[in-house]
file entry18.txt (compact mmCIF, C-alpha atoms)
# COMPACT_ATOMS: atom_id res chain seq x y z
CA MET E 679 -7.15 -14.67 20.16
CA SER E 680 -8.01 -17.16 17.43
CA ASN E 681 -5.58 -19.91 16.41
CA PRO E 682 -2.66 -18.74 18.59
CA THR E 683 -0.17 -21.03 16.85
CA SER E 684 -0.56 -18.97 13.67
CA VAL E 685 1.48 -16.21 15.32
CA PHE E 686 4.50 -16.25 17.56
CA ALA E 687 4.65 -14.96 21.12
CA ALA E 688 7.12 -12.30 22.19
CA CYS E 689 7.69 -12.11 25.91
CA SER E 690 9.65 -10.44 28.67
CA ILE E 691 9.94 -10.52 32.47
CA ALA E 692 9.90 -7.63 34.96
CA SER E 693 8.99 -6.72 38.52
CA ASN E 694 6.62 -3.81 39.15
CA ASN E 695 9.49 -1.36 39.58
CA TYR E 696 10.71 -2.18 36.06
CA LEU E 697 7.40 -1.88 34.23
CA ALA E 698 8.41 1.28 32.35
CA TYR E 699 11.19 -0.73 30.72
CA ALA E 700 8.75 -3.51 29.85
CA LYS E 701 6.32 -0.98 28.35
CA VAL E 702 9.01 0.62 26.18
CA TRP E 703 10.14 -2.82 24.98
CA ALA E 704 6.56 -3.85 24.18
CA GLU E 705 5.74 -0.62 22.36
CA SER E 706 8.91 -0.81 20.27
CA PHE E 707 8.26 -4.45 19.42
CA ARG E 708 4.63 -3.79 18.51
CA GLU E 709 5.68 -0.93 16.23
CA HIS E 710 7.57 -3.36 14.01
CA HIS E 711 5.47 -6.50 14.61
CA PRO E 712 1.81 -5.51 14.83
CA GLU E 713 0.75 -9.15 14.45
CA ALA E 714 2.65 -10.40 17.52
CA ALA E 715 1.13 -11.47 20.81
CA LEU E 716 3.02 -9.78 23.66
CA TYR E 717 3.30 -11.11 27.20
CA VAL E 718 5.24 -9.98 30.26
CA CYS E 719 5.66 -12.14 33.33
CA ILE E 720 5.44 -9.88 36.39
CA VAL E 721 7.68 -11.22 39.14
CA ASP E 722 5.90 -9.50 41.99
CA ARG E 723 2.54 -9.32 43.69
CA PRO E 724 -0.20 -7.05 42.24
CA SER E 725 0.21 -3.41 43.28
CA ALA E 726 -2.56 -0.84 43.72
CA ARG E 727 -0.25 1.65 42.02
CA VAL E 728 -0.39 -0.20 38.68
CA ASP E 729 -3.31 -0.29 36.25
CA TYR E 730 -2.51 -3.67 34.71
CA GLY E 731 -5.35 -3.34 32.20
CA GLU E 732 -3.65 -0.31 30.60
CA LEU E 733 -0.34 -2.04 29.90
CA PRO E 734 0.60 -2.58 26.22
CA PHE E 735 0.97 -6.33 26.76
CA THR E 736 -0.81 -9.18 28.52
CA PRO E 737 0.51 -9.50 32.08
CA ILE E 738 1.08 -12.93 33.62
CA PHE E 739 2.02 -13.03 37.29
CA ALA E 740 4.81 -15.39 38.24
CA HIS E 741 2.63 -17.26 40.72
CA GLU E 742 0.33 -18.21 37.81
CA LEU E 743 3.05 -20.14 35.96
CA GLY E 744 2.55 -23.37 37.92
CA ILE E 745 6.02 -23.33 39.47
CA PRO E 746 6.23 -26.02 42.17
CA SER E 747 6.31 -24.67 45.73
CA PHE E 748 6.27 -21.12 44.40
CA GLU E 749 6.50 -19.26 47.74
CA ASN E 750 9.57 -21.23 48.78
CA PHE E 751 11.03 -20.76 45.29
CA ALA E 752 10.47 -16.99 45.42
CA PHE E 753 11.99 -16.70 48.88
CA ARG E 754 15.22 -18.49 47.99
CA TYR E 755 16.13 -16.02 45.24
CA ASP E 756 16.80 -12.29 45.19
CA ILE E 757 15.12 -10.05 42.61
CA LEU E 758 17.69 -10.69 39.85
CA GLU E 759 17.75 -14.42 40.45
CA LEU E 760 13.97 -14.77 40.59
CA ASN E 761 13.40 -12.68 37.45
CA THR E 762 15.69 -15.06 35.58
CA ALA E 763 14.58 -18.29 37.26
CA VAL E 764 11.03 -17.99 35.91
CA LYS E 765 12.14 -17.76 32.28
CA PRO E 766 11.78 -21.43 31.24
CA TYR E 767 8.49 -21.62 33.16
CA LEU E 768 7.17 -18.66 31.18
CA LEU E 769 8.10 -20.41 27.93
CA GLY E 770 6.40 -23.57 29.16
CA TYR E 771 3.28 -21.57 30.05
CA LEU E 772 3.15 -20.07 26.55
CA ARG E 773 3.36 -23.59 25.12
CA ASP E 774 1.09 -25.54 27.48
CA ARG E 775 -1.50 -22.98 28.54
CA LEU E 776 -1.68 -20.64 25.54
CA GLY E 777 -0.81 -23.00 22.70
CA PHE E 778 2.11 -21.15 21.10
CA ASP E 779 4.72 -23.13 19.23
CA ARG E 780 7.28 -20.32 18.86
CA ALA E 781 8.45 -17.71 21.36
CA LEU E 782 11.00 -14.92 21.39
CA TYR E 783 12.18 -13.75 24.81
CA PHE E 784 13.70 -10.28 25.37
CA ASP E 785 14.96 -8.63 28.54
CA PRO E 786 12.81 -5.58 29.34
CA ASP E 787 15.74 -3.16 28.91
CA ILE E 788 15.77 -3.78 25.15
CA LEU E 789 14.62 -1.39 22.43
CA VAL E 790 13.54 -2.98 19.15
CA LEU E 791 14.71 -0.85 16.24
CA SER E 792 13.39 -2.72 13.19
CA ARG E 793 11.43 -5.78 12.14
CA LEU E 794 13.27 -8.97 13.20
CA GLU E 795 12.45 -10.95 10.08
CA GLY E 796 15.83 -12.65 10.02
CA LEU E 797 15.29 -14.14 13.47
CA LEU E 798 11.83 -15.39 12.57
CA HIS E 799 13.24 -17.13 9.48
CA GLU E 800 16.03 -18.67 11.57
CA LEU E 801 13.47 -19.98 14.05
CA ASP E 802 11.67 -21.73 11.20
CA ARG E 803 14.87 -23.72 10.60
CA HIS E 804 16.36 -24.09 14.08
CA PRO E 805 14.81 -25.07 17.44
CA VAL E 806 16.82 -22.62 19.58
CA LEU E 807 18.43 -19.27 18.74
CA LEU E 808 21.17 -17.78 20.92
CA THR E 809 23.35 -14.70 20.60
CA PRO E 810 26.93 -14.83 21.97
CA HIS E 811 28.20 -12.00 24.10
CA ILE E 812 31.06 -11.47 21.67
CA ALA E 813 31.95 -12.86 18.24
CA GLU E 814 35.45 -11.34 18.22
CA PRO E 815 38.15 -11.11 20.91
CA LEU E 816 38.27 -8.20 23.34
CA ASP E 817 41.42 -6.44 24.53
CA ASN E 818 41.02 -8.33 27.84
CA VAL E 819 42.26 -5.32 29.82
CA ASP E 820 39.16 -3.26 30.53
CA ARG E 821 35.87 -4.57 31.90
CA PRO E 822 34.21 -6.81 30.95
CA GLN E 823 37.06 -9.20 30.32
CA GLU E 824 36.68 -12.39 28.33
CA ARG E 825 37.23 -14.40 31.51
CA LEU E 826 34.21 -12.75 33.16
CA LEU E 827 32.04 -13.36 30.09
CA ARG E 828 33.07 -17.02 30.11
CA MET E 829 32.08 -17.29 33.78
CA ALA E 830 28.77 -15.49 33.21
CA GLY E 831 27.96 -17.58 30.14
CA ILE E 832 29.03 -17.58 26.51
CA TYR E 833 25.54 -16.58 25.35
CA ASN E 834 23.61 -13.55 26.56
CA LEU E 835 20.17 -14.58 27.78
CA GLY E 836 18.75 -11.10 27.33
CA PHE E 837 17.51 -12.76 24.16
CA VAL E 838 16.58 -16.34 23.40
CA ALA E 839 14.16 -17.74 20.84
CA MET E 840 12.75 -21.23 20.99
CA ARG E 841 10.41 -23.48 19.10
CA LEU E 842 8.00 -24.85 21.68
CA ASP E 843 7.55 -28.36 20.36
CA ALA E 844 8.72 -31.93 20.93
CA GLY E 845 12.24 -31.01 19.82
CA THR E 846 12.79 -28.72 22.81
CA GLU E 847 10.45 -30.30 25.37
CA ARG E 848 13.11 -32.30 27.23
CA PHE E 849 15.54 -29.38 27.18
CA LEU E 850 12.94 -26.96 28.57
CA ASP E 851 12.02 -29.45 31.31
CA TRP E 852 15.72 -29.82 32.19
CA TRP E 853 16.21 -26.05 32.28
CA GLN E 854 13.19 -25.60 34.57
CA GLU E 855 14.52 -28.25 36.93
CA ARG E 856 17.99 -26.71 37.13
CA LEU E 857 16.69 -23.19 37.69
CA HIS E 858 14.23 -24.34 40.34
CA GLN E 859 17.19 -25.00 42.64
CA HIS E 860 20.30 -23.52 41.05
CA CYS E 861 19.50 -20.11 39.56
CA LEU E 862 22.11 -18.35 41.69
CA ASN E 863 24.21 -15.27 41.11
CA ASP E 864 27.35 -16.99 42.37
CA LEU E 865 30.20 -16.56 39.92
CA HIS E 866 32.66 -17.77 42.55
CA HIS E 867 31.05 -21.21 42.25
CA GLY E 868 30.49 -21.08 38.49
CA LEU E 869 26.84 -20.03 38.45
CA PHE E 870 25.30 -16.93 36.93
CA VAL E 871 21.53 -17.24 37.20
CA ASP E 872 19.83 -18.79 34.14
CA GLN E 873 22.52 -17.73 31.72
CA SER E 874 25.43 -20.03 32.52
CA TRP E 875 23.16 -23.09 32.17
CA MET E 876 22.42 -22.16 28.56
CA ASP E 877 26.00 -23.03 27.58
CA PHE E 878 24.68 -26.61 27.39
CA ALA E 879 22.09 -25.79 24.72
CA PRO E 880 24.26 -26.43 21.63
CA ALA E 881 25.25 -29.81 23.11
CA PHE E 882 21.74 -30.81 24.22
CA VAL E 883 19.62 -29.50 21.34
CA GLU E 884 20.69 -30.49 17.86
CA SER E 885 20.80 -27.64 15.32
CA THR E 886 20.86 -24.90 17.96
CA ARG E 887 21.63 -21.74 16.00
CA ILE E 888 24.29 -19.31 17.25
CA VAL E 889 23.26 -15.98 15.74
CA ARG E 890 26.40 -13.90 15.15
CA ASP E 891 24.72 -11.28 12.97
CA PRO E 892 25.87 -7.93 14.41
CA ILE E 893 22.45 -6.29 14.09
CA TYR E 894 21.01 -8.32 17.00
CA ASN E 895 21.50 -7.88 20.74
CA ILE E 896 23.81 -4.89 20.47
CA ALA E 897 25.10 -4.01 23.94
CA TYR E 898 28.08 -2.79 25.92
CA TRP E 899 29.87 -6.14 25.67
CA ASN E 900 30.00 -6.11 21.85
CA LEU E 901 30.01 -2.35 21.16
CA PRO E 902 33.78 -2.36 20.52
CA HIS E 903 33.00 -4.37 17.37
CA ARG E 904 29.68 -2.83 16.32
CA PHE E 905 29.27 0.66 14.91
CA LEU E 906 25.81 2.16 14.59
CA ARG E 907 24.92 5.12 12.41
CA GLN E 908 21.64 7.01 12.26
CA ARG E 909 20.30 7.65 8.79
CA ASN E 910 16.86 9.12 8.12
CA ASP E 911 15.47 8.10 11.52
CA ARG E 912 16.84 4.57 11.12
CA TRP E 913 19.73 3.06 13.04
CA GLU E 914 22.03 0.99 10.86
CA ILE E 915 25.07 -1.25 11.10
CA GLU E 916 27.08 -1.57 7.88
CA GLY E 917 24.14 -0.17 5.93
CA ARG E 918 21.59 -2.63 7.37
CA ALA E 919 18.81 -1.82 9.81
CA ALA E 920 19.86 -2.54 13.38
CA GLY E 921 17.59 -5.10 15.05
CA PHE E 922 17.60 -4.35 18.75
CA PHE E 923 19.76 -2.61 21.33
CA HIS E 924 20.16 -3.97 24.85
CA PHE E 925 20.65 -1.20 27.42
CA SER E 926 22.04 -3.51 30.08
CA GLY E 927 23.35 -1.70 33.16
CA LEU E 928 22.22 1.73 31.97
CA ASP E 929 22.39 4.53 34.55
CA LEU E 930 19.67 7.02 33.63
CA GLN E 931 21.48 9.71 35.61
CA ASP E 932 24.72 9.16 33.70
CA LEU E 933 24.13 8.07 30.12
CA THR E 934 27.76 8.79 29.27
CA ALA E 935 28.96 5.65 31.07
CA ILE E 936 26.92 3.43 28.66
CA SER E 937 26.69 0.73 31.35
CA ARG E 938 27.69 0.41 35.00
CA HIS E 939 29.12 -3.02 34.13
CA GLN E 940 31.92 -1.80 31.86
CA ASN E 941 34.68 0.81 31.58
CA ARG E 942 35.96 0.16 28.07
CA LEU E 943 33.87 2.82 26.30
CA ASP E 944 31.79 5.87 27.07
CA LEU E 945 29.71 8.17 24.92
CA SER E 946 32.63 10.56 24.51
CA HIS E 947 34.28 7.74 22.52
CA ARG E 948 31.04 7.00 20.67
CA PRO E 949 29.15 10.32 20.42
CA GLU E 950 27.05 9.02 17.52
CA LEU E 951 25.14 6.90 20.08
CA LEU E 952 24.03 9.82 22.25
CA PRO E 953 20.72 10.39 20.36
CA LEU E 954 19.85 6.70 20.80
CA PHE E 955 20.50 6.80 24.54
CA GLU E 956 18.66 10.10 25.01
CA ASP E 957 15.66 8.80 23.05
CA TYR E 958 15.57 5.66 25.20
CA ARG E 959 15.66 7.68 28.43
CA ARG E 960 12.88 9.93 27.12
CA ARG E 961 10.73 6.88 26.34
CA LEU E 962 11.25 5.46 29.84
CA PHE E 963 10.17 8.62 31.59
CA ALA E 964 7.18 8.98 29.25
CA ALA E 965 6.26 5.39 30.19
CA GLY E 966 6.05 6.31 33.87
CA HIS E 967 9.44 5.26 35.17
CA GLN E 968 9.31 7.79 38.01
CA ASN E 969 6.15 6.15 39.34
CA TYR E 970 7.07 2.51 38.81
CA ARG E 971 10.63 2.66 40.09
CA SER E 972 9.51 3.41 43.65
CA ILE E 973 7.06 0.50 43.96
CA PRO E 974 8.40 -1.83 46.68
CA TYR E 975 9.31 -5.35 45.60
CA ALA E 976 6.81 -7.62 47.33
CA PHE E 977 9.19 -10.54 47.77
CA ALA E 978 11.72 -8.36 49.61
CA THR E 979 9.92 -8.64 52.97
CA PHE E 980 8.15 -11.12 55.19
CA GLU E 981 4.36 -10.96 54.83
CA ASP E 982 2.58 -8.41 57.06
CA ALA E 983 5.76 -7.79 59.04
CA GLN E 984 7.68 -5.37 56.82
CA ILE E 985 10.87 -7.11 57.88
CA ALA E 986 13.36 -7.19 55.03
CA VAL E 987 14.45 -10.67 54.00
CA PRO E 988 18.25 -10.74 54.34
CA THR E 989 20.35 -12.46 51.70
CA ALA E 990 21.73 -14.75 54.38
CA ALA E 991 18.19 -16.04 55.08
CA ARG E 992 17.65 -16.79 51.38
CA ARG E 993 20.94 -18.67 51.17
CA MET E 994 20.19 -20.65 54.33
CA LEU E 995 16.84 -21.78 52.96
CA GLN E 996 18.59 -22.78 49.73
CA ARG E 997 20.77 -25.13 51.81
CA LEU E 998 18.15 -26.39 54.27
CA ASP E 999 14.86 -26.72 52.41
CA PRO E 1000 15.04 -26.14 48.63
CA ARG E 1001 12.15 -28.60 48.10
CA ALA E 1002 9.80 -26.84 50.54
CA ARG E 1003 9.31 -29.87 52.76
CA ARG E 1004 9.42 -27.88 56.03
CA TRP E 1005 8.68 -24.31 54.92
CA PRO E 1006 6.29 -24.20 51.96
CA ASN E 1007 5.74 -20.48 52.60
CA PRO E 1008 8.79 -18.97 54.32
CA PHE E 1009 7.31 -15.46 53.93
CA ASP E 1010 4.53 -16.23 56.46
CA PRO E 1011 5.67 -15.18 59.95
CA HIS E 1012 2.42 -16.25 61.61
CA CYS E 1013 2.26 -19.95 60.76
CA SER E 1014 3.28 -22.70 63.13
CA ASP E 1015 7.05 -23.31 62.93
CA SER E 1016 7.57 -20.20 60.83
CA TYR E 1017 10.87 -19.68 59.07
CA LEU E 1018 11.22 -16.23 60.65
CA GLU E 1019 10.90 -17.78 64.10
CA TYR E 1020 13.57 -20.31 63.18
CA LEU E 1021 15.91 -17.57 61.97
CA LEU E 1022 15.49 -15.52 65.17
CA GLU E 1023 16.03 -18.41 67.57
CA PRO E 1024 19.11 -17.62 69.68
CA LEU E 1025 21.77 -20.33 69.75
CA SER E 1026 23.83 -20.46 72.92
CA PHE E 1027 27.59 -20.88 72.94
CA GLY E 1028 30.09 -20.67 75.77
CA SER E 1029 30.79 -16.98 75.21
CA GLY E 1030 27.34 -15.76 74.23
CA ARG E 1031 24.45 -16.19 71.78
CA LEU E 1032 23.92 -15.64 68.06
CA ASN E 1033 20.83 -16.18 65.92
CA ARG E 1034 20.87 -18.23 62.75
CA VAL E 1035 20.88 -15.25 60.39
CA ALA E 1036 24.03 -13.87 62.00
CA LEU E 1037 25.70 -17.26 61.67
CA SER E 1038 24.53 -17.73 58.08
CA MET E 1039 25.90 -14.33 57.11
CA TRP E 1040 29.26 -15.35 58.58
CA GLU E 1041 29.18 -18.63 56.63
CA GLU E 1042 28.45 -16.83 53.35
CA ARG E 1043 31.34 -14.36 53.54
CA ASP E 1044 34.98 -15.37 53.34
CA ASP E 1045 36.08 -12.00 54.75
CA LEU E 1046 34.05 -12.59 57.92
CA MET E 1047 35.38 -16.10 58.32
CA ARG E 1048 38.92 -14.71 58.14
CA ALA E 1049 38.20 -11.81 60.50
CA PHE E 1050 36.31 -13.93 63.07
CA PRO E 1051 37.62 -17.50 62.61
CA LYS E 1052 36.31 -18.72 66.01
CA VAL E 1053 32.91 -17.13 65.75
CA CYS E 1054 31.25 -19.66 68.05
CA SER E 1055 33.81 -19.20 70.83
CA ASN E 1056 36.56 -16.64 71.29
CA ASP E 1057 35.45 -14.33 68.44
CA LEU E 1058 31.73 -14.34 69.16
CA LEU E 1059 31.59 -11.09 71.15
CA ARG E 1060 33.81 -9.28 68.63
CA TYR E 1061 31.55 -10.44 65.79
CA ALA E 1062 28.42 -9.37 67.68
CA ALA E 1063 29.93 -5.95 68.34
CA TRP E 1064 30.89 -5.63 64.66
CA LEU E 1065 27.28 -6.38 63.67
CA THR E 1066 25.66 -4.06 66.21
CA ALA E 1067 27.89 -1.35 67.66
CA ALA E 1068 29.85 -0.89 64.44
CA GLY E 1069 26.61 -0.87 62.41
CA GLU E 1070 27.81 -3.42 59.88
CA GLY E 1071 24.77 -5.64 60.36
CA ALA E 1072 22.38 -2.86 59.34
CA ARG E 1073 24.61 -1.97 56.39
CA ALA E 1074 24.41 -5.61 55.30
CA GLY E 1075 20.61 -5.42 55.29
CA LEU E 1076 19.81 -7.07 58.63
CA ALA E 1077 16.61 -5.70 60.17
CA PRO E 1078 16.69 -4.65 63.86
CA CYS E 1079 15.01 -7.89 64.96
CA PHE E 1080 18.03 -9.85 63.70
CA LEU E 1081 20.43 -7.61 65.65
CA ALA E 1082 18.54 -7.39 68.96
call {"tool": "encode", "arguments": {"input": "entry18.txt", "output": "structure tokens"}}
result
Amino acid sequence: MSNPTSVFAACSIASNNYLAYAKVWAESFREHHPEAALYVCIVDRPSARVDYGELPFTPIFAHELGIPSFENFAFRYDILELNTAVKPYLLGYLRDRLGFDRALYFDPDILVLSRLEGLLHELDRHPVLLTPHIAEPLDNVDRPQERLLRMAGIYNLGFVAMRLDAGTERFLDWWQERLHQHCLNDLHHGLFVDQSWMDFAPAFVESTRIVRDPIYNIAYWNLPHRFLRQRNDRWEIEGRAAGFFHFSGLDLQDLTAISRHQNRLDLSHRPELLPLFEDYRRRLFAAGHQNYRSIPYAFATFEDAQIAVPTAARRMLQRLDPRARRWPNPFDPHCSDSYLEYLLEPLSFGSGRLNRVALSMWEERDDLMRAFPKVCSNDLLRYAAWLTAAGEGARAGLAPCFLA
């Protein structure tokens, strides 16, 4: 590619099991922007079931982004958290390694419907572009409620555009630092992955542009205010070409629901949208969704052991070693002082023994703390029986080795 700064980069992020979505996004973007350079960060390890050379974009694996202590970083987050935590690192890679000075990020479950000229012009004038979840009030009765959107973040990070220059350098560095340790899906404590942190952008970056134009980032949260019509193979809003639709939470087996995250509307209320949803599903299956969806997520298990990493183990590492001083590669069960060995070590109490995963799971769940308040003494045997005999440990994702 000659003179990369003469064109912008468009990018997305996906694990192997979501590559059909990434392909559909890339193909729809390329249709309207043939000049664009397209990149997808693959948050996974290479799979023999994927021909990466045939993808309609340039793949970049997450471990290539230069993220400090990557194995520890990848272990601490689940698949949603990790796919969002790499976002500012991907933007930094496009700037520092590939030389781009403008980038548009899109979630992979987005379909581009027309050329996004308005956004490109806005990016010429503003260093950061954000789209709010809503630009008008909701009824605040059905899901999602305004309170939930406020907790999740005012702006939807399924889209963000940024000039990659001195004006955003400090902000991007700050965002990387925060997400390295605090990209958690923990609404109870005021965190929703990368998205809630972006509420600071208008305060930190002068001239941040809040794009309220209804043709961009159309999704279940703003559908009550946005009405699409199909005219001559073009989707329009108020007579203008719609920019892109975000199929967040789509259930391919039940298109009618629109999204599993809401109950305000369904396609019986908005039948004009059915052709759009059916076309999107058709594209996904044509892109190989049935093959990709079954590819195991590599960061879901310990290396070579096929032992699923429980959420409790991720959260414990987040508390104990977020800077990878003791466990630079927690996935490795064979190294000296392995994290798996540490998790399995039985701790003796007066009434019995529990391993650290069982204790961490108890610490993470308020319901368990209420049900077994004296877990290290009088309630220990009841808790152990609940995990094993009642089968609740397996239902919570604990492998047999953690329940032995």
call {"tool": "closest_residue", "arguments": {"input": "entry18.txt", "among": "E:Leu1037, E:Met1047, E:Leu862, E:Leu995", "to": "Glu749 of chain E", "atoms": "only C-alpha atoms"}}
result
E:Leu995
call {"tool": "closest_residue", "arguments": {"input": "entry18.txt", "among": "E:Glu814, E:Glu709, E:Asp877, E:Glu1070", "to": "Arg904 of chain E", "atoms": "all atoms listed in the file"}}
result
E:Glu814
call {"tool": "residues_around", "arguments": {"input": "entry18.txt", "residues": "segment 1060-1064 of chain E", "least_positions_apart": "2", "cutoff": "12 Å", "atoms": "all atoms listed in the file", "output": "VMD selection string"}}
result
chain E and resid 1029 to 1033 1036 to 1037 1039 to 1040 1046 to 1058 1066 to 1074 1080 to 1082
call {"tool": "axis_aligned_box", "arguments": {"input": "entry18.txt", "around": "segment 856-875 of chain E", "padding_each_side": "4 Å", "output": "AutoDock Vina command-line options"}}
result
--center_x 23.4 --center_y -21.0 --center_z 37.2 --size_x 26.4 --size_y 19.4 --size_z 18.9
call {"tool": "atom_distance", "arguments": {"input": "entry18.txt", "atom1": "atom CA of His858 of chain E", "atom2": "atom CA of Phe751 of chain E"}}
result
6.9 Å
call {"tool": "residues_around", "arguments": {"input": "entry18.txt", "residues": "Arg1003 of chain E", "least_positions_apart": "4", "cutoff": "12 Å", "atoms": "all atoms listed in the file", "output": "PyMOL selection string"}}
result
chain E and resi 746-747+750-751+995+998-999+1007-1008
call {"tool": "closest_residue", "arguments": {"input": "entry18.txt", "among": "E:Val838, E:Ile973, E:Ala704, E:Cys1079", "to": "Pro724 of chain E", "atoms": "only C-alpha atoms"}}
result
E:Ile973
call {"tool": "residues_around", "arguments": {"input": "entry18.txt", "residues": "Leu842 of chain E", "least_positions_apart": "3", "cutoff": "9 Å", "atoms": "all atoms listed in the file", "output": "ChimeraX atom specification"}}
result
/E:769-770,772-773,778-781,805,845-847,850
call {"tool": "write_last_selection", "arguments": {"input": "entry18.txt", "atoms": "C-alpha atoms", "output": "PDB file, in the coordinates of the input"}}
result
ATOM      1  CA  LEU E 769       8.100 -20.410  27.930  1.00  0.00           C
ATOM      2  CA  GLY E 770       6.400 -23.570  29.160  1.00  0.00           C
ATOM      3  CA  LEU E 772       3.150 -20.070  26.550  1.00  0.00           C
ATOM      4  CA  ARG E 773       3.360 -23.590  25.120  1.00  0.00           C
ATOM      5  CA  PHE E 778       2.110 -21.150  21.100  1.00  0.00           C
ATOM      6  CA  ASP E 779       4.720 -23.130  19.230  1.00  0.00           C
ATOM      7  CA  ARG E 780       7.280 -20.320  18.860  1.00  0.00           C
ATOM      8  CA  ALA E 781       8.450 -17.710  21.360  1.00  0.00           C
ATOM      9  CA  PRO E 805      14.810 -25.070  17.440  1.00  0.00           C
ATOM     10  CA  GLY E 845      12.240 -31.010  19.820  1.00  0.00           C
ATOM     11  CA  THR E 846      12.790 -28.720  22.810  1.00  0.00           C
ATOM     12  CA  GLU E 847      10.450 -30.300  25.370  1.00  0.00           C
ATOM     13  CA  LEU E 850      12.940 -26.960  28.570  1.00  0.00           C
TER      14      LEU E 850
END
call {"tool": "residues_around", "arguments": {"input": "entry18.txt", "residues": "Trp852 of chain E", "least_positions_apart": "5", "cutoff": "12 Å", "atoms": "all atoms listed in the file", "output": "PyMOL selection string"}}
result
chain E and resi 766-767+770+846-847+857-860+872+875-876+878-879+882-883
call {"tool": "residues_near_point", "arguments": {"input": "entry18.txt", "point": "(28.7, 6.4, 31.0)", "cutoff": "12 Å", "atoms": "only C-alpha atoms", "output": "PyMOL selection string"}}
result
chain E and resi 898+925-949+951-952+955
call {"tool": "closest_residue", "arguments": {"input": "entry18.txt", "among": "E:Cys689, E:Ala726, E:Ile888, E:Leu954", "to": "Ile832 of chain E", "atoms": "only C-alpha atoms"}}
result
E:Ile888
call {"tool": "atom_distance", "arguments": {"input": "entry18.txt", "atom1": "atom CA of Glu824 of chain E", "atom2": "atom CA of His867 of chain E"}}
result
17.4 Å
call {"tool": "residues_around", "arguments": {"input": "entry18.txt", "residues": "Gly921 of chain E", "least_positions_apart": "2", "cutoff": "6 Å", "atoms": "all atoms listed in the file", "output": "list in words"}}
result
Leu791, Ser792, Ile893 and Tyr894 of chain E
call {"tool": "write_last_selection", "arguments": {"input": "entry18.txt", "atoms": "C-alpha atoms", "output": "PDB file, in the frame of the given file"}}
result
ATOM      1  CA  LEU E 791      14.710  -0.850  16.240  1.00  0.00           C
ATOM      2  CA  SER E 792      13.390  -2.720  13.190  1.00  0.00           C
ATOM      3  CA  ILE E 893      22.450  -6.290  14.090  1.00  0.00           C
ATOM      4  CA  TYR E 894      21.010  -8.320  17.000  1.00  0.00           C
TER       5      TYR E 894
END
call {"tool": "decode", "arguments": {"input": "entry18.txt", "residues": "segment 1036-1047 of chain E", "atoms": "N, CA and C atoms", "output": "PDB file, in the first residue's frame"}}
result
ATOM      1  N   ALA E1036     -13.286 -22.009  44.266  1.00  0.00           N
ATOM      2  CA  ALA E1036     -14.562 -22.090  44.978  1.00  0.00           C
ATOM      3  C   ALA E1036     -14.744 -20.874  45.884  1.00  0.00           C
ATOM      4  N   LEU E1037     -13.686 -20.457  46.539  1.00  0.00           N
ATOM      5  CA  LEU E1037     -13.776 -19.283  47.405  1.00  0.00           C
ATOM      6  C   LEU E1037     -13.973 -18.006  46.606  1.00  0.00           C
ATOM      7  N   SER E1038     -13.271 -17.899  45.462  1.00  0.00           N
ATOM      8  CA  SER E1038     -13.408 -16.704  44.639  1.00  0.00           C
ATOM      9  C   SER E1038     -14.816 -16.581  44.078  1.00  0.00           C
ATOM     10  N   MET E1039     -15.398 -17.697  43.679  1.00  0.00           N
ATOM     11  CA  MET E1039     -16.767 -17.675  43.181  1.00  0.00           C
ATOM     12  C   MET E1039     -17.719 -17.178  44.269  1.00  0.00           C
ATOM     13  N   TRP E1040     -17.516 -17.616  45.487  1.00  0.00           N
ATOM     14  CA  TRP E1040     -18.325 -17.146  46.616  1.00  0.00           C
ATOM     15  C   TRP E1040     -18.159 -15.639  46.819  1.00  0.00           C
ATOM     16  N   GLU E1041     -16.917 -15.152  46.710  1.00  0.00           N
ATOM     17  CA  GLU E1041     -16.658 -13.723  46.904  1.00  0.00           C
ATOM     18  C   GLU E1041     -17.292 -12.856  45.821  1.00  0.00           C
ATOM     19  N   GLU E1042     -17.447 -13.412  44.614  1.00  0.00           N
ATOM     20  CA  GLU E1042     -17.960 -12.633  43.493  1.00  0.00           C
ATOM     21  C   GLU E1042     -19.482 -12.534  43.480  1.00  0.00           C
ATOM     22  N   ARG E1043     -20.167 -13.384  44.241  1.00  0.00           N
ATOM     23  CA  ARG E1043     -21.622 -13.451  44.133  1.00  0.00           C
ATOM     24  C   ARG E1043     -22.295 -13.115  45.454  1.00  0.00           C
ATOM     25  N   ASP E1044     -23.064 -12.040  45.447  1.00  0.00           N
ATOM     26  CA  ASP E1044     -23.767 -11.616  46.651  1.00  0.00           C
ATOM     27  C   ASP E1044     -24.757 -12.676  47.125  1.00  0.00           C
ATOM     28  N   ASP E1045     -25.395 -13.392  46.172  1.00  0.00           N
ATOM     29  CA  ASP E1045     -26.377 -14.401  46.576  1.00  0.00           C
ATOM     30  C   ASP E1045     -25.720 -15.534  47.354  1.00  0.00           C
ATOM     31  N   LEU E1046     -24.479 -15.898  46.972  1.00  0.00           N
ATOM     32  CA  LEU E1046     -23.788 -16.956  47.690  1.00  0.00           C
ATOM     33  C   LEU E1046     -23.318 -16.481  49.063  1.00  0.00           C
ATOM     34  N   MET E1047     -22.932 -15.244  49.148  1.00  0.00           N
ATOM     35  CA  MET E1047     -22.506 -14.710  50.442  1.00  0.00           C
ATOM     36  C   MET E1047     -23.681 -14.647  51.420  1.00  0.00           C
TER      37      MET E1047
END
